[in-house]
Structures are given as structure tokens and as C-alpha cells.
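Asker: After the C-alpha cells below, expect a handful of questions from me.
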Amino acid sequence: MIQTNLIQNAHADLICDAAYDFYGTRLATAGLDQRVKIWRLDEQTGEWTVEDEWRAHDAAISRLSWAHPQNGQFILSSSFDRTHTLNGIGSSGRGGERWVERALLTEAKGSVRTVEWAPKDFGMKFASISTDNHLRLYECLEAGPSTTNSPTSLTWSLVEDQDVPSLPLMTSVTPSTTDANAGVDVTPVASEPIGVVPAATSSTLSTPQSGGSTSPYMAAATLNPSGAGPARPGTGNREADGGWDLSWCKEGYWGEVCAVTCGTNGIVKIIQFPPAQRPKAVLILDPRPPKSPLSAVNDLPPNSRPQSQRASPSNTAQPRRSEREREYHNEPFAITSVAWAPSCGRSYHLIATGGRDGRVRIWKVRPPEPEADEPGVEANGNVWSATVVADFDEHRSPVGRVEWNVTGTVLTSAGNDGKVRLWRSTYGNVWRPMGSLDVVQGDDVPVGGDVVMEE
């Protein structure tokens with residue numbers, strides 16, 4: 001693999017995210033210095049130069065997302081100051097053009113971890129997930145290309161504000177199967193096992209302390225204190241228990257569908273936004289094996305167990321769980337990244353996840369067969385289904401990001417082990433490691449030189 005360039009001292013602090021535009025000639029970077037930089041590629045020399053930069057937020061920036069050029073030159077940013085910022089090309093007032101702020105959205109009640117534009121088929125829409133466990137969907141009321149003379153003409157509306165943990169599963173459950181090609185256990189979507197009562201936890205987040213960010217939006221965007229109302233199921237009292245990531249289905253034929261992950265339960269919800277209806281969860285990706293009835297009872301508080309299962313001299317000894325049960329049930333983990341692959345004509349979808357358990361998983365998701373006369377509508381008796389086709393633990397440390405290439409054939413993952421790993425499907429649809437790159441190698445490799453790729 002050839003290293004084409006190295007940008008030295010791009011930011012004054014750690015870089016949190018980098019994103020290419022549709023054509024790959026612009027690169028946006030953002031970091032802990034609260035600034036966004038737009039880099040332009042000189043195709044003659046191969047050098048990247050700063051086209052523009054600005055301070056976008058009052059806290060670290062978490063994610064960047066480019067709009068499709070069909071909707072104009074726009075870039076979204078999300079931040080730990082609980083805001084979304086939209087910037088676009090506008091007039092600088094001196095006869096030139098530069099990036100100017102088009103919108104500042106402050107509805108989030110927690111740090112906004114991810115923001116992503118919807119596929120171009122749905123117009124100017126984007127979704128975000130924040131640590132208050134809410135998935136928000138915004139739509140521009142005046143969609144179209146940007147106009148340099150009217151930089152503030154875009155009006156945005158919050159069309160959906162959904163608490164993800166409280167969203168119930170709207171489909172039935174299919175029995176477990178095994179994917180012969182992958183050689184691993186396949187666990188399709190399943191709801192909570194019978195007999196398991198989800199624990200109710202506090203839904204408060206830590207409010208900004210004095211001396212922190214000066215943003216007025218952080219001071220106003222606080223949650224109700226603990227005890228002010230009933231806690232929502234599935235929420236926590238730490239930001240780590242909130243929303244983590246989302247990824248849109250790239251195929252517009254199935255409507256507005258995205259994969260969302262939040263909390264520390266290790267699951268991913270597939271959420272659909274039907275026209276003129278409330279959002280619904282059509283699928284839950286849960287890699288954990290179903291609990292046995294005895295294990296489910298043992299997880300209940302002592303006073304909530306059946307009388308026959310309470311501690312007594314005759315029944316204090318309980319069968320020990322298997323190693324896999326202890327791994328999944330006693331050590332909850334967060335899925336920190338999810339990526340929906342471009343379909344490229346496949347009859348199924350691929351969704352990749354990476355989590356704090358150090359595993360990279362690839363799911364094969366099959367949508368329901370549509371009605372002949374109404375595309376995107378489920379046929380009678382058909383539901384969304386999923387199987388695990390790959391499960392890797394080579395990182396052996398938390399996985400921070402997973403991303404697909406433009407054809408959905410190569411998956412890239414980055415972990416705390418300091419390596420960027422690549423995965424691809426071989427003959428027979430068996431996923432295997434393609435190689436890895438050590439991020440510290442770039443400092444010692446000259447531009448245009450080969451970077452050693454470990455097999």
C-alpha cells in the first residue's frame with residue numbers, strides 16, 4: 001500500500017474526525033481544538049492545502065458529514081457542546097467565497113456523538129444521535145442548492161425526536177440458525193428473553209459545571225434531576241449509557257431506514273421512518289446467545305425471584321454459566337460504531353459493528369419481500385431478518401470506528417491497539433482479514449513510499 005501524502009500539524013490538538021466529500025477532492029478535519037478545516041487537493045502536485053477554517057463549536061467536535069452535491073455544498077458537524085452546526089459556501093463580502101454558518105440546532109439534551117446526512121433520494125435530511133438516547137431527524141424546508149446571496153434562507157425543522165431505548169420491536173422473532181459459510185453461530189434478532197426484567201436506572205446526565213464551556217446552549221440543555229419523574233427504560237445516568245452511532249441504509253428503495261446503537265447492552269436497532277407514521281424498530285441485532293430460563297431467573301433481584309428459586313440451605317448452589325454467557329450477560333459493552341454498506345445490487349444488506357468488547361462483527365440483513373404494487377411495503381408474513389457472517393477479535397481492545405468502501409466489499413476498522421485493519425470477503429462469502437496498518441508507521445515512511453501491511 002502506498003502512502004500518498006502526510007499532512008503535518010493539521011490541528012493544534014487531537015483530530016477527532018476526517019471526511020472526504022463526494023468527489024474526494026475536499027477533505028474536512030475536526031478536532032479537540034473546536035475548529036473545522038477544509039483541505040483542497042491539488043491534482044497536479046498531489047498536495048493538500050487549507051481552503052478555509054473556522055471555529056465551529058464551544059467543545060470538542062465529534063463527527064463531520066458532507067451533503068450530497070445534488071443538495072449543494074454543505075457540511076454538518078456535531079459536538080460535545082450539544083449542538084449541530086451546518087456550514088455552506090457563501091459570500092465573504094470581499095468578492096470571494098468562503099464557508100459560512102447556515103444553521104445552529106440546539107435541541108439535543110446531551111453530547112451529540114454522530115450526525116449523518118440521509119441518502120440523496122430523501123432530499124435535505126439528516127439524523128443525529130446524542131447521549132440523551134434520542135434519535136433526531138431534521139429536514140430542510142427549502143431544499144435545493146445553496147445560494148451565495150441568501151446564506152440564511154435555509155429553514156430547518158425537527159420532524160422526529162425519538163427515544164431509542166423505549167422504541168419497541170414491531171416484528172416477530174425468527175428461530176436461530178447457523179451460517180455455514182461463516183462457520184460461526186448466527187443469532188438473529190430477538191427481543192428480551194422471557195423472564196428478564198430490564199433494570200430501571202436514572203435518566204439524568206451530568207450538568208455542565210461552572211468554569212466549563214461558555215456556550216449558552218450547554219447551560220440550557222440540561223435534563224431533569226434524578227427523582228423528578230419516572231426513569232425511562234434502558235437509560236443510564238452516565239454519558240456512556242447514551243447514544244453512540246448511526247448509519248443510514250444507502251438503498252432508498254426500502255425507505256428511510258437507519259441502524260442506531262446506544263447504551264451498553266451491545267445491541268443495534270434498525271429503525272424505519274414510514275411516511276406519515278411514527279418511527280418503528282423493525283429489527284434488533286443482538287449477538288448475545290439467549291439466556292436459559294434458569295439464567296434469566298438468576299438475573300432478577302432476590303426478592304423478585306420465584307419462591308422456589310430464592311436462597312435457602314437446599315438451593316444455594318446454582319449451576320455455573322458457560323464462559324460465553326458470563327462474557328455477554330455479566331459484562332455489558334457498548335457498540336460504539338455501526339456502518340451500513342452500500343448494497344451495489346445485492347439482495348441483502350451488510351451492517352458492520354465495532355464495540356468496547358474489541359470485536360468487529362458483520363451482519364447479513366435481509367429485508368422483507370415487498371408487495372408487487374407498493375415498493376418498500378412488507379408482504380404478509382415477511383419480516384426483516386439477520387445473521388452474523390463474521391466475528392473478529394483481532395483488535396483485542398475497544399474498536400472506535402468501522403467504515404465500508406464505496407462498493408461495500410472491504411471493511412476498515414480502527415481500534416485502541418493503534419492499528420487500522422481491513423477485512424474482505426473471499427470465495428464462498430467467507431470474511432477474512434485482509435491486512436493491517438500501524439498508524440505510527442506514517443511518520444517514518446516517505447511520501448509515495450510503501451507502507452508495510454501486516455497479513
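The chains in the C-alpha cells are called A, B, ... from first to last as shown; in each chain the residues are counted from 1, and the ligands are counted from 1 in the order shown.
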Find the spatial neighbours of stretch 111-121 of chain A, counting only C-alpha atoms, within a cut-off of 9 Å - ignore same-chain residues fewer than 6 positions away - and output them as a compact mmCIF listing (two decimals) with C-alpha atoms, in the first residue's frame.

Answerer:
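Saved result, around32.txt, follows:
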# COMPACT_ATOMS: atom_id res chain seq x y z
CA ILE A 61 -16.17 18.13 17.64
CA SER A 62 -17.34 14.53 17.40
CA ARG A 63 -18.37 13.95 13.76
CA LEU A 64 -18.42 15.53 10.28
CA SER A 65 -20.72 14.71 7.38
CA TRP A 66 -20.79 16.05 3.80
CA ALA A 67 -24.04 16.59 1.93
CA HIS A 68 -24.53 15.06 -1.50
CA PRO A 69 -23.57 17.63 -4.17
CA GLN A 70 -27.12 17.35 -5.54
CA ASN A 71 -28.21 19.30 -2.46
CA LEU A 76 -22.50 19.17 9.12
CA SER A 77 -20.66 18.96 12.41
CA SER A 78 -21.73 17.65 15.80
CA SER A 79 -20.12 18.39 19.13
CA PHE A 80 -19.99 17.70 22.84
CA ASP A 81 -21.45 21.18 23.36
CA ARG A 82 -24.84 19.59 22.46
CA THR A 83 -25.25 21.42 19.16
CA HIS A 84 -25.30 20.72 15.42
CA ALA A 127 -30.18 12.36 11.57
CA SER A 128 -28.22 12.63 14.79
CA ILE A 129 -27.85 10.57 17.96
CA SER A 130 -26.87 12.06 21.30
CA THR A 131 -26.13 10.87 24.80
CA ASP A 132 -29.69 11.61 25.91
CA GLU A 239 -22.98 9.71 29.04
CA GLY A 242 -26.36 7.24 25.86
CA GLY A 243 -26.42 7.13 22.07
CA TRP A 244 -23.25 6.17 20.20
CA ASP A 245 -23.61 5.95 16.44
CA LEU A 246 -25.99 5.67 13.49
CA SER A 247 -25.76 4.76 9.83
CA TRP A 248 -28.31 5.15 7.04
CA CYS A 249 -29.35 2.41 4.64
CA LYS A 250 -27.80 3.54 1.36
CA GLU A 251 -30.57 1.94 -0.75
CA GLY A 252 -33.54 4.32 -1.00
CA GLU A 256 -35.85 5.84 5.31
CA CYS A 258 -31.08 3.54 9.67

Asker: Report as a list of chain:residue names all protein, DNA and RNA residues lying within 7 Å of A:Phe392, evaluated on only C-alpha atoms, omitting residues in the same chain fewer than 4 positions from it.

Answerer: A:Arg359, A:Val360, A:Arg361

Asker: Counting only C-alpha atoms, what is within 7 Å of stretch 416-423 of chain A, bar same-chain residues fewer than 2 positions away, as number ranges by chain?

Answerer: A: 395, 397-399, 410-414, 431-439

Asker: Now that the selection is made, can you save its residues with all heavy atoms as a short mmCIF file (atom, residue, chain, number, x, y, z; two decimals), in the first residue's frame?

Answerer:
data_model
loop_
_atom_site.label_atom_id
_atom_site.label_comp_id
_atom_site.auth_asym_id
_atom_site.auth_seq_id
_atom_site.Cartn_x
_atom_site.Cartn_y
_atom_site.Cartn_z
N HIS A 395 -8.45 -7.05 17.16
CA HIS A 395 -8.04 -5.80 17.80
C HIS A 395 -7.67 -6.02 19.27
O HIS A 395 -6.76 -5.37 19.79
CB HIS A 395 -9.15 -4.76 17.69
CG HIS A 395 -9.21 -4.06 16.38
ND1 HIS A 395 -8.26 -3.14 15.98
CD2 HIS A 395 -10.09 -4.15 15.36
CE1 HIS A 395 -8.57 -2.68 14.78
NE2 HIS A 395 -9.68 -3.28 14.37
N SER A 397 -8.92 -4.94 21.81
CA SER A 397 -9.08 -3.68 22.51
C SER A 397 -10.31 -2.98 21.93
O SER A 397 -10.79 -3.37 20.86
CB SER A 397 -7.82 -2.80 22.35
OG SER A 397 -7.62 -2.47 21.00
N PRO A 398 -10.85 -1.99 22.61
CA PRO A 398 -12.06 -1.33 22.09
C PRO A 398 -11.90 -0.85 20.66
O PRO A 398 -10.86 -0.32 20.27
CB PRO A 398 -12.25 -0.16 23.06
CG PRO A 398 -11.64 -0.63 24.34
CD PRO A 398 -10.46 -1.46 23.93
N VAL A 399 -12.95 -1.06 19.88
CA VAL A 399 -12.99 -0.62 18.48
C VAL A 399 -13.71 0.72 18.41
O VAL A 399 -14.84 0.85 18.88
CB VAL A 399 -13.71 -1.66 17.59
CG1 VAL A 399 -13.76 -1.19 16.15
CG2 VAL A 399 -12.99 -3.01 17.69
N VAL A 410 -15.04 -4.09 1.09
CA VAL A 410 -13.92 -4.05 2.02
C VAL A 410 -14.32 -3.24 3.24
O VAL A 410 -14.84 -2.13 3.11
CB VAL A 410 -12.66 -3.44 1.37
CG1 VAL A 410 -11.53 -3.34 2.39
CG2 VAL A 410 -12.21 -4.27 0.17
N LEU A 411 -14.09 -3.81 4.41
CA LEU A 411 -14.41 -3.14 5.67
C LEU A 411 -13.12 -2.72 6.35
O LEU A 411 -12.15 -3.48 6.40
CB LEU A 411 -15.20 -4.08 6.58
CG LEU A 411 -15.51 -3.55 7.99
CD1 LEU A 411 -16.49 -2.39 7.93
CD2 LEU A 411 -16.06 -4.67 8.87
N THR A 412 -13.12 -1.49 6.89
CA THR A 412 -11.98 -0.97 7.63
C THR A 412 -12.40 -0.72 9.06
O THR A 412 -13.48 -0.19 9.32
CB THR A 412 -11.48 0.35 7.00
OG1 THR A 412 -11.17 0.13 5.63
CG2 THR A 412 -10.23 0.83 7.71
N SER A 413 -11.54 -1.10 10.00
CA SER A 413 -11.82 -0.87 11.41
C SER A 413 -10.59 -0.28 12.08
O SER A 413 -9.46 -0.58 11.69
CB SER A 413 -12.23 -2.17 12.11
OG SER A 413 -11.18 -3.13 12.08
N ALA A 414 -10.82 0.56 13.08
CA ALA A 414 -9.74 1.18 13.85
C ALA A 414 -9.99 0.93 15.32
O ALA A 414 -11.12 1.11 15.81
CB ALA A 414 -9.65 2.67 13.56
N TRP A 431 -15.61 -14.15 5.22
CA TRP A 431 -14.88 -12.93 5.54
C TRP A 431 -13.60 -13.26 6.27
O TRP A 431 -13.60 -14.02 7.23
CB TRP A 431 -15.75 -11.99 6.37
CG TRP A 431 -16.84 -11.36 5.57
CD1 TRP A 431 -18.08 -11.85 5.31
CD2 TRP A 431 -16.76 -10.11 4.88
NE1 TRP A 431 -18.78 -10.99 4.51
CE2 TRP A 431 -18.00 -9.91 4.23
CE3 TRP A 431 -15.77 -9.12 4.75
CZ2 TRP A 431 -18.26 -8.77 3.48
CZ3 TRP A 431 -16.04 -8.00 3.99
CH2 TRP A 431 -17.27 -7.83 3.36
N ARG A 432 -12.50 -12.66 5.80
CA ARG A 432 -11.21 -12.91 6.40
C ARG A 432 -10.42 -11.60 6.50
O ARG A 432 -10.68 -10.66 5.77
CB ARG A 432 -10.41 -13.93 5.57
CG ARG A 432 -11.08 -15.29 5.46
CD ARG A 432 -10.15 -16.30 4.82
NE ARG A 432 -10.81 -17.59 4.63
CZ ARG A 432 -10.97 -18.49 5.57
NH1 ARG A 432 -10.52 -18.24 6.79
NH2 ARG A 432 -11.57 -19.64 5.34
N PRO A 433 -9.41 -11.57 7.40
CA PRO A 433 -8.56 -10.37 7.49
C PRO A 433 -7.79 -10.16 6.20
O PRO A 433 -7.25 -11.10 5.62
CB PRO A 433 -7.62 -10.69 8.66
CG PRO A 433 -8.32 -11.75 9.45
CD PRO A 433 -9.10 -12.56 8.46
N MET A 434 -7.73 -8.92 5.77
CA MET A 434 -7.00 -8.55 4.56
C MET A 434 -5.61 -8.02 4.88
O MET A 434 -4.70 -8.08 4.06
CB MET A 434 -7.80 -7.50 3.79
CG MET A 434 -7.22 -7.03 2.49
SD MET A 434 -8.30 -5.81 1.72
CE MET A 434 -7.27 -5.31 0.33
N GLY A 435 -5.46 -7.49 6.08
CA GLY A 435 -4.19 -6.93 6.50
C GLY A 435 -4.41 -5.84 7.53
O GLY A 435 -5.54 -5.54 7.91
N SER A 436 -3.34 -5.23 7.98
CA SER A 436 -3.45 -4.16 8.97
C SER A 436 -2.35 -3.14 8.76
O SER A 436 -1.29 -3.45 8.22
CB SER A 436 -3.38 -4.72 10.39
OG SER A 436 -2.12 -5.30 10.64
N LEU A 437 -2.63 -1.92 9.19
CA LEU A 437 -1.68 -0.82 9.10
C LEU A 437 -1.45 -0.28 10.50
O LEU A 437 -2.41 -0.03 11.24
CB LEU A 437 -2.20 0.30 8.20
CG LEU A 437 -2.46 -0.06 6.73
CD1 LEU A 437 -3.14 1.10 6.03
CD2 LEU A 437 -1.17 -0.42 6.03
N ASP A 438 -0.20 -0.07 10.84
CA ASP A 438 0.13 0.54 12.11
C ASP A 438 0.16 2.04 11.91
O ASP A 438 0.89 2.55 11.04
CB ASP A 438 1.50 0.04 12.59
CG ASP A 438 1.72 0.35 14.07
OD1 ASP A 438 1.23 1.40 14.52
OD2 ASP A 438 2.35 -0.47 14.75
N VAL A 439 -0.62 2.78 12.70
CA VAL A 439 -0.76 4.22 12.45
C VAL A 439 0.54 4.97 12.70
O VAL A 439 0.73 6.08 12.20
CB VAL A 439 -1.87 4.81 13.35
CG1 VAL A 439 -3.21 4.25 12.96
CG2 VAL A 439 -1.59 4.54 14.82
#

Asker: Find, counting only C-alpha atoms, the residue in A:Arg356, A:Arg396, A:Arg424, A:Arg366 that gets nearest to A:Ser337.

Answerer: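 Comparing A:Arg356, A:Arg396, A:Arg424, A:Arg366 against A:Ser337, the winner is A:Arg356.
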
Asker: I'd like the contact shell of stretch 264-278 of chain A - 7 Å cut-off, only C-alpha atoms, skipping same-chain residues fewer than 4 positions apart - returned as a PyMOL selection string.

Answerer: chain A and resi 241+256-260+282-286+332-335

Asker: Could you save the residues just selected, with C-alpha atoms, as a compact mmCIF listing (two decimals), in the first residue's frame?

Answerer:
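Okay, this is what ended up in selection.txt:
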# COMPACT_ATOMS: atom_id res chain seq x y z
CA ASP A 241 -25.06 4.92 28.58
CA GLU A 256 -35.85 5.84 5.31
CA VAL A 257 -34.09 3.18 7.40
CA CYS A 258 -31.08 3.54 9.67
CA ALA A 259 -29.12 1.47 12.18
CA VAL A 260 -28.74 3.02 15.63
CA VAL A 282 -38.11 -3.38 12.55
CA LEU A 283 -35.08 -5.38 13.73
CA ILE A 284 -32.73 -5.73 16.69
CA LEU A 285 -29.22 -7.05 16.13
CA ASP A 286 -28.17 -8.85 19.30
CA PRO A 332 -22.19 -5.39 29.26
CA PHE A 333 -20.46 -3.48 26.50
CA ALA A 334 -21.24 -0.59 24.18
CA ILE A 335 -21.40 -0.84 20.40

Asker: Please determine, counting only C-alpha atoms, which residue among A:Val430, A:Leu350, A:Ala108, A:Val50 has the shortest atom-to-atom distance to A:Gln162.

Answerer: A:Ala108

Asker: Have a look at atom CA of A:Ile7 and atom CA of A:Trp48 and let me know their distance in Å, one decimal.

Answerer: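 Computed distance, atom CA of A:Ile7 to atom CA of A:Trp48, equals 7.5 Å.
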
Asker: Using only C-alpha atoms, which residue out of A:Gly123, A:Pro289, A:Gly358, A:Pro342 lies closest to A:Trp404?

Answerer: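 Closest residue, counting only C-alpha atoms: A:Pro342.
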